[in-house]
Amino acid sequence: MPPMLRFCTIFVSFICLISLEIHGKETVSGYVRDAATGEALIAANVIIEELGTGTSTNVYGYYALSLEPGEYTLLFSYLGYETIIRKVSLNEALVLNVELSEILHEIEEVTISSRRNNANISRLETGSTKLPIQSIRRIPALLGEIDVIKAIQMLPGVQVTSEGSSGFSVRGGARDQNLILLDESVVYNASHLLGFFSIFNNDAIKDVKLYKGDIPASFGGRLASLLDIRMKEGNSKQFSASGGIGTVSSRLTLEGPIEKDKVSFLLAGRRTYADLFLLFSKEEAIRKTRLYFYDLNGKVNYRINDNNRIYLSGYSGSDTYANKEYAGMVFGNRTFTLRWNHIFNNNLFSNFTLVNSHYFYDLGTPEGSEEYFNWNSILEDYGFKDDFTWYLSPEHTIRFGASSTFHVIKPGVVTAVSTSGIHQNMELTHNHSLENGLYLSGESNLGEHLSLRYGMRYSTFSNRGPTTVFHYDEKYELVDSSYYRQGFFNTYHGLEPRFAANYMLSDLHSLKASYSRSRQYLQLASNSSSGTPLEIWFPASPNIEPQISDQLSFGYFRNFMDHKFQSSVELYYKKMSNSIDFRDHAQLILNPRLDGEIRIGEATSYGAEFFVKYEAGGFSGWISYTLSRTMREIPEINGGNPYPAPYDKPHDLALVASYDISQRITLGANWIYSTGLPYTLPSGRYTVMGNIIPLYTGRNQNRLTDYHRLDLALSIKGKERPGRGWRGEWNISVYNAYARKNVWTLNFVQDQAQPDVSYAEMTYLFSIVPAITYNFKF
C-alpha cells in the first residue's frame with residue numbers, strides 16, 4: 001500500500017473513533033470581531049469556563065465548539081481587548097457572534113495583567129512568532145518607514161542577508177527559501193529601493209505571522225519559512241482615514257462601509273517623492289530623471305450571510321529608475337486574491353481561493369536612442385486552493401485540502417538595435433510547470449498536559465512544454481539537447497510529513513518538539529547576498545532535482561511574573577539535500593543554459609535560539625540571540641570540503657525596547673549585533689592581456705567585520721480633544737545613531753598607478769540617518 005494511502009487509512013479510522021465520541025453533541029459557533037471596525041480577530045480565545053478548555057478563532061475570526069447539551073459560560077478574550085462573558089443554553093446548534101472592544105489606555109495595565117493568557121506556553125507551534133502591528137510601529141525604522149520585514153529580522157533564527165536589505169535568512173536557509181504570502185498570493189520580490197524598504201504598507205496590514213520550520217501541512221513549496229501577511233478587511237462600521245507624511249514618502253489609507261456591517265472596502269496608497277526634488281536641479285539631465293516607488297493595496301469584502309462571505313483583494317507596486325536620455329529600469333509586483341468562505345454546517349468551515357501573482361522587470365535604454373536595448377522578464381502564477389476545517393470537538397480539529405499552481409517563467413526577452421540599424425533579438429526558453437499539493441492534518445488535546453499535531457502533505461511538480469532541455473556529461477559539458485513541443489514530460493513527487501507535540505509541565509512552562517519535511521521546486525539564480533531586481537527564478541527539471549529539507553526542533557518555554565516575562569530556548573537541526581550553489585565565475589545573466597552553472601550537494605544547519613520578551617507598565621521589548629552554523633558540502637566546490645553558506649552567522653543578537661514616558665510620548669530603541677558575513681578572498685592571481693584576474697580556491701573562508709548598529713525613535717502624540725476626530729503623531733527616528741560604518745560590499749580593485757597591485761575596497765551605505773514623520777488618523 002502506498003505511504004499516503006496508508007496514512008489516510010489510519011487517519012480516517014482515527015476520525016471514525018472520534019466521531020463515535022462526539023455523537024449527540026451540539027455546536028456553538030460564530031465570529032469574533034472588533035466592535036469599532038468589524039475586523040475579524042485572529043486567534044481570539046474562546047474558553048468554556050466549566051470545562052477549562054476551549055479553542056481559538058481561525059484567520060477569518062471563526063470558531064466552533066461541539067459540546068454535550070447543557071448550560072455553559074463562554075469567555076471571549078483577545079490581548080488588548082476587554083473580555084466578554086456569555087451564558088449559553090446549548091440544546092441545539094447555536095450561532096453566537098461576538099464583538100470585543102479595545103481596552104482604554106488608562107486601564108490597560110490592570111485589565112491585561114488580570115486577563116493575560118499563556119498562549120506561548122499552551123500552543124502547539126514551535127519556531128513561530130506572531131508580531132502585533134502595534135509592536136511593529138514602535139520599532140525605530142530606516143528613514144521613518146515602518147517595515148514588517150525589518151521587524152521580523154530582529155527575531156531569533158532570522159538573519160539579515162545584507163545591510164539595509166529586505167532579504168532575510170531563516171535558520172540558515174537562502175533568501176528564496178522563504179514563502180512570503182500577501183492574502184495567500186505569493187510575493188516573489190518583497191523589496192523596494194534595492195531592498196532598503198519592503199513592499200508592505202503597514203497601514204494596510206492586519207496580521208503578521210512567521211513560521212520558521214514547523215510550517216502547517218496546508219503550505220508547501222519552500223524549505224525555510226512561511227511569512228503569512230494578511231491585509232485589513234476595511235472598517236464595516238464607519239468611514240475612517242489614516243496616513244503619514246515622511247522624509248522620503250507619504251501614504252494614505254481610506255476604509256469604510258459600502259453597506260454597514262455587510263460590505264466594506266479598504267484602499268491604501270504609498271509613494272516616494274525623491275524625483276520631485278530632482279526637478280529643482282540645475283542640470284537638465286537630472287531634472288529629466290524619475291526615481292520613485294509606489295504601493296497600492298485594495299480590498300472589498302461582502303458578508304452575504306452568516307454562512308457565506310467573499311473577499312476580493314489586490315496589490316500593485318513598482319520601482320522606477322529612469323532617465324529620458326540614457327537608461328531606465330522598472331520592476332514590481334502585482335497580486336490578486338479572490339476568496340469565498342462557506343460554512344457547510346457549524347462544524348465544517350471551508351475557504352476557496354483563486355490567486356494570481358505577477359513579478360516583472362524591464363531594463364533598457366529609451367526607445368529611439370542611438371543604441372536601443374530592452375530586457376524584459378516575467379514570472380507569473382495562476383493558482384487555486386481549497387481548505388476545510390472540521391471542528392470535531394474542543395479536543396480534536398481536522399484540516400484537509402488541495403492546491404494547484406501553474407507557473408509561467410519568461411526569464412528574458414531582449415531586443416537590441418545597433419547604430420547601423422541592425423536588430424538583434426534574443427529570447428530565453430520559457431518555463432511552464434504545474435505544482436500540486438494535497439494535505440490532511442489534525443490537532444488533538446490528549447488530556448490536560450499533552451497535545452499533538454500530525455499531518456501529511458503530498459506534492460507533485462511537472463514540467464511542461466514547449467521547452468528545450470540540455471544534456472550534460474559528468475564534467476557539465478553540453479553533449480545534447482531535447483525539445484519538448486507540448487504536454488508534461490517530467491514529474492517529481494513526494495510525501496512531506498509534519499508532526500508537533502507540546503507537553504505542558506504547568507501553566508507556566510512546557511516542552512515542545514516538532515519534525516517537518518519540505519520540498520522546494522522553484523529556486524532563485526543569484527550570487528549576491530543583498531539581491532537585485534534582475535535575479536531569475538528557475539524550476540526543478542530533469543537536470544535539477546527538487547530541494548528537500550528535514551528539520552527537527554526542541555524547545556523549552558517558560559513564563560515569569562504572571563506571564564509578563566515570556567522566555568524560550570529552541571534547538572534545531574536541519575538537513576537539506578539537493579542543495580544548490582553555483583560554480584566559480586558562474587554566468588547567471590541571460591544564460592540559456594543556466595542549469596549547466598549549477599552544482600548540487602548537501603547542506604546542514606543547526607543552532608540554539610534564545611528569546612526573552614517583557615510587556616508591562618508601559619515598557620515592552622525583547623532580547624533575541626541565535627547561536628548557529630550553516631554549512632554546505634558540494635563535490636565540485638571548495639575541493640569537496642564543507643564551507644560556510646553565504647548567510648552563515650554564528651552569532652546574532654537583537655535588543656528591542658520601547659517605553660511609554662507618558663500617554664503621549666514613547667521612546668524606542670534597538671541594538672543589533674551579528675558576526676560578519678562570509679566571503680571568498682582571492683588566493684592568487686594571473687594576468688591576461690595586462691589585466692589581473694583573481695584566482696579563487698576556498699569558498700567563503702573569510703569574514704567581513706562584525707555588524708552592529710543602534711537605532712532610536714521618539715513618538716509624540718497630539719492632544720486628544722473631545723468631539724474632534726483628528727489624531728496626530730510625530731515620529732522622530734535616527735538610524736545607525738553612532739555612525740557605524742558597516743561593510744556592504746568588499747571588492748578587489750586593480751591599482752591604476754601600479755597595475756601589478758590590487759587592493760580591497762570597502763563600500764558602506766549609511767552613516768547617521770535621521771528622519772521625521774507625521775502620522776494622522778481621523
# chains A, B, ... in the order shown; residues from 1 in each chain; ligands from 1
$ residues_around --residues "A:Leu508" --least-positions-apart "2" --cutoff "9 Å" --atoms "only C-alpha atoms" --output "ChimeraX atom specification"
/A:118,121,504-506,510,557-560,562-563
$ residues_around --residues "stretch 136-149 of chain A" --least-positions-apart "5" --cutoff "6 Å" --atoms "only C-alpha atoms" --output "list in words"
Asp711, Leu712, Ala713, Tyr735 and Ala771 of chain A
$ residues_around --residues "A:Leu296" --least-positions-apart "2" --cutoff "7 Å" --atoms "only C-alpha atoms" --output "number ranges by chain"
A: 268-270, 294, 298, 315-317
$ select_by_dssp --residues "stretch 480-558 of chain A" --states "strand (DSSP E)" --output "NGL selection string"
:A and (480-484 or 488-504 or 509-520 or 522-525 or 536-539 or 547-558)
$ closest_atom_pairs --of "stretch 537-590 of chain A" --to "stretch 210-219 of chain A" --cutoff "12 Å" --atoms "only C-alpha atoms" --output "Markdown table"
| residue | atom | partner | partner_atom | distance |
| --- | --- | --- | --- | --- |
| A:Ser549 | CA | A:Gly213 | CA | 9.5 |
| A:Asp550 | CA | A:Gly213 | CA | 9.3 |
| A:Gln551 | CA | A:Gly213 | CA | 6.9 |
| A:Leu552 | CA | A:Gly213 | CA | 8.6 |
| A:Ser553 | CA | A:Asp214 | CA | 8.5 |
| A:Phe554 | CA | A:Asp214 | CA | 11.0 |
| A:Glu570 | CA | A:Lys212 | CA | 11.3 |
| A:Leu571 | CA | A:Gly213 | CA | 11.8 |
| A:Tyr572 | CA | A:Gly213 | CA | 9.3 |
| A:Tyr573 | CA | A:Gly213 | CA | 10.4 |
| A:Lys574 | CA | A:Gly213 | CA | 9.2 |
| A:Lys575 | CA | A:Gly213 | CA | 11.9 |
$ write_last_selection --atoms "N, CA and C atoms" --output "mmCIF file, in the first residue's frame"
data_model
loop_
_atom_site.group_PDB
_atom_site.id
_atom_site.type_symbol
_atom_site.label_atom_id
_atom_site.label_comp_id
_atom_site.auth_asym_id
_atom_site.auth_seq_id
_atom_site.Cartn_x
_atom_site.Cartn_y
_atom_site.Cartn_z
ATOM 1 N N SER A 549 14.190 19.335 2.599
ATOM 2 C CA SER A 549 14.667 19.690 3.934
ATOM 3 C C SER A 549 13.973 18.829 4.980
ATOM 4 N N ASP A 550 14.765 18.311 5.914
ATOM 5 C CA ASP A 550 14.242 17.620 7.096
ATOM 6 C C ASP A 550 14.700 18.396 8.319
ATOM 7 N N GLN A 551 13.731 18.866 9.112
ATOM 8 C CA GLN A 551 14.067 19.693 10.268
ATOM 9 C C GLN A 551 13.468 19.117 11.537
ATOM 10 N N LEU A 552 14.301 19.065 12.575
ATOM 11 C CA LEU A 552 13.889 18.589 13.887
ATOM 12 C C LEU A 552 14.189 19.699 14.885
ATOM 13 N N SER A 553 13.211 20.016 15.746
ATOM 14 C CA SER A 553 13.431 21.082 16.728
ATOM 15 C C SER A 553 12.830 20.700 18.081
ATOM 16 N N PHE A 554 13.471 21.204 19.150
ATOM 17 C CA PHE A 554 13.013 21.012 20.525
ATOM 18 C C PHE A 554 13.038 22.368 21.218
ATOM 19 N N GLU A 570 15.090 27.282 22.015
ATOM 20 C CA GLU A 570 14.771 26.290 20.987
ATOM 21 C C GLU A 570 16.055 25.804 20.327
ATOM 22 N N LEU A 571 16.167 24.496 20.181
ATOM 23 C CA LEU A 571 17.274 23.869 19.480
ATOM 24 C C LEU A 571 16.742 23.279 18.180
ATOM 25 N N TYR A 572 17.504 23.420 17.107
ATOM 26 C CA TYR A 572 17.046 22.864 15.829
ATOM 27 C C TYR A 572 18.214 22.246 15.067
ATOM 28 N N TYR A 573 17.867 21.273 14.243
ATOM 29 C CA TYR A 573 18.829 20.643 13.325
ATOM 30 C C TYR A 573 18.121 20.452 11.998
ATOM 31 N N LYS A 574 18.751 20.913 10.932
ATOM 32 C CA LYS A 574 18.119 20.843 9.608
ATOM 33 C C LYS A 574 19.104 20.263 8.599
ATOM 34 N N LYS A 575 18.662 19.246 7.892
ATOM 35 C CA LYS A 575 19.450 18.614 6.839
ATOM 36 C C LYS A 575 18.777 18.874 5.504
#
$ residues_around --residues "A:Ser715" --least-positions-apart "6" --cutoff "7 Å" --atoms "only C-alpha atoms" --output "number ranges by chain"
A: 665-667, 729-732
$ residues_around --residues "A:Phe489" --least-positions-apart "6" --cutoff "8 Å" --atoms "only C-alpha atoms" --output "MDAnalysis selection string"
chainID A and resid 462:465
$ decode --residues "stretch 389-420 of chain A" --atoms "N, CA, C and O atoms" --output "compact mmCIF listing (two decimals), in the first residue's frame"
# COMPACT_ATOMS: atom_id res chain seq x y z
N THR A 389 -11.85 22.98 7.39
CA THR A 389 -11.59 22.76 8.81
C THR A 389 -12.82 22.11 9.43
O THR A 389 -13.93 22.66 9.37
N TRP A 390 -12.61 20.96 10.04
CA TRP A 390 -13.70 20.20 10.65
C TRP A 390 -13.49 20.23 12.16
O TRP A 390 -12.54 19.65 12.70
N TYR A 391 -14.37 20.95 12.86
CA TYR A 391 -14.28 21.08 14.32
C TYR A 391 -15.04 19.93 14.95
O TYR A 391 -16.23 20.01 15.23
N LEU A 392 -14.32 18.85 15.21
CA LEU A 392 -14.96 17.66 15.77
C LEU A 392 -15.38 17.88 17.21
O LEU A 392 -16.47 17.49 17.62
N SER A 393 -14.51 18.48 18.00
CA SER A 393 -14.79 18.74 19.41
C SER A 393 -13.75 19.74 19.91
O SER A 393 -12.81 20.07 19.18
N PRO A 394 -13.87 20.24 21.13
CA PRO A 394 -12.82 21.15 21.64
C PRO A 394 -11.44 20.49 21.67
O PRO A 394 -10.43 21.18 21.64
N GLU A 395 -11.41 19.14 21.71
CA GLU A 395 -10.13 18.44 21.79
C GLU A 395 -9.58 18.03 20.43
O GLU A 395 -8.38 17.72 20.32
N HIS A 396 -10.41 18.01 19.40
CA HIS A 396 -9.96 17.47 18.11
C HIS A 396 -10.42 18.37 16.95
O HIS A 396 -11.61 18.69 16.85
N THR A 397 -9.47 18.73 16.10
CA THR A 397 -9.76 19.52 14.90
C THR A 397 -9.04 18.88 13.71
O THR A 397 -7.85 18.52 13.81
N ILE A 398 -9.75 18.74 12.61
CA ILE A 398 -9.19 18.13 11.40
C ILE A 398 -9.16 19.18 10.29
O ILE A 398 -10.11 19.94 10.10
N ARG A 399 -8.04 19.22 9.56
CA ARG A 399 -7.91 20.12 8.41
C ARG A 399 -7.47 19.31 7.19
O ARG A 399 -6.61 18.43 7.30
N PHE A 400 -8.04 19.65 6.05
CA PHE A 400 -7.65 18.97 4.81
C PHE A 400 -7.93 19.91 3.64
O PHE A 400 -8.71 20.87 3.74
N GLY A 401 -7.30 19.62 2.50
CA GLY A 401 -7.49 20.46 1.33
C GLY A 401 -6.52 20.13 0.23
O GLY A 401 -5.75 19.16 0.30
N ALA A 402 -6.56 20.94 -0.82
CA ALA A 402 -5.73 20.73 -2.00
C ALA A 402 -5.40 22.06 -2.63
O ALA A 402 -6.09 23.07 -2.41
N SER A 403 -4.34 22.08 -3.43
CA SER A 403 -3.95 23.30 -4.12
C SER A 403 -3.31 22.94 -5.45
O SER A 403 -2.76 21.84 -5.62
N SER A 404 -3.37 23.88 -6.38
CA SER A 404 -2.75 23.69 -7.69
C SER A 404 -2.30 25.05 -8.21
O SER A 404 -3.07 26.02 -8.17
N THR A 405 -1.05 25.13 -8.67
CA THR A 405 -0.49 26.38 -9.16
C THR A 405 0.24 26.15 -10.47
O THR A 405 1.08 25.24 -10.57
N PHE A 406 -0.09 26.95 -11.46
CA PHE A 406 0.59 26.88 -12.76
C PHE A 406 1.59 28.03 -12.83
O PHE A 406 1.23 29.20 -12.71
N HIS A 407 2.89 27.68 -12.98
CA HIS A 407 3.96 28.67 -13.04
C HIS A 407 4.36 28.96 -14.48
O HIS A 407 4.55 28.02 -15.27
N VAL A 408 4.50 30.23 -14.79
CA VAL A 408 5.00 30.66 -16.10
C VAL A 408 6.20 31.57 -15.87
O VAL A 408 6.08 32.61 -15.23
N ILE A 409 7.37 31.16 -16.36
CA ILE A 409 8.59 31.95 -16.20
C ILE A 409 9.13 32.31 -17.58
O ILE A 409 9.44 31.43 -18.38
N LYS A 410 9.21 33.61 -17.83
CA LYS A 410 9.82 34.12 -19.06
C LYS A 410 11.09 34.87 -18.64
O LYS A 410 11.06 36.06 -18.36
N PRO A 411 12.23 34.16 -18.58
CA PRO A 411 13.43 34.73 -17.96
C PRO A 411 14.04 35.91 -18.70
O PRO A 411 14.70 36.73 -18.09
N GLY A 412 13.81 36.00 -19.99
CA GLY A 412 14.40 37.13 -20.69
C GLY A 412 13.99 37.24 -22.14
O GLY A 412 14.12 36.28 -22.91
N VAL A 413 13.46 38.40 -22.51
CA VAL A 413 13.21 38.74 -23.91
C VAL A 413 14.00 40.02 -24.18
O VAL A 413 13.72 41.07 -23.59
N VAL A 414 15.01 39.93 -25.02
CA VAL A 414 15.93 41.03 -25.25
C VAL A 414 15.81 41.53 -26.69
O VAL A 414 15.83 40.73 -27.64
N THR A 415 15.69 42.83 -26.82
CA THR A 415 15.66 43.48 -28.14
C THR A 415 16.76 44.53 -28.16
O THR A 415 16.86 45.35 -27.24
N ALA A 416 17.60 44.52 -29.21
CA ALA A 416 18.68 45.49 -29.33
C ALA A 416 18.78 45.98 -30.77
O ALA A 416 18.57 45.21 -31.72
N VAL A 417 19.08 47.25 -30.90
CA VAL A 417 19.27 47.86 -32.23
C VAL A 417 20.61 48.58 -32.21
O VAL A 417 20.84 49.48 -31.38
N SER A 418 21.52 48.21 -33.12
CA SER A 418 22.84 48.82 -33.16
C SER A 418 22.78 50.16 -33.87
O SER A 418 21.76 50.57 -34.42
N THR A 419 23.91 50.87 -33.86
CA THR A 419 23.98 52.19 -34.50
C THR A 419 23.74 52.09 -36.01
O THR A 419 23.29 53.05 -36.64
N SER A 420 24.01 50.92 -36.58
CA SER A 420 23.79 50.74 -38.02
C SER A 420 22.36 50.32 -38.34
O SER A 420 22.02 50.09 -39.50
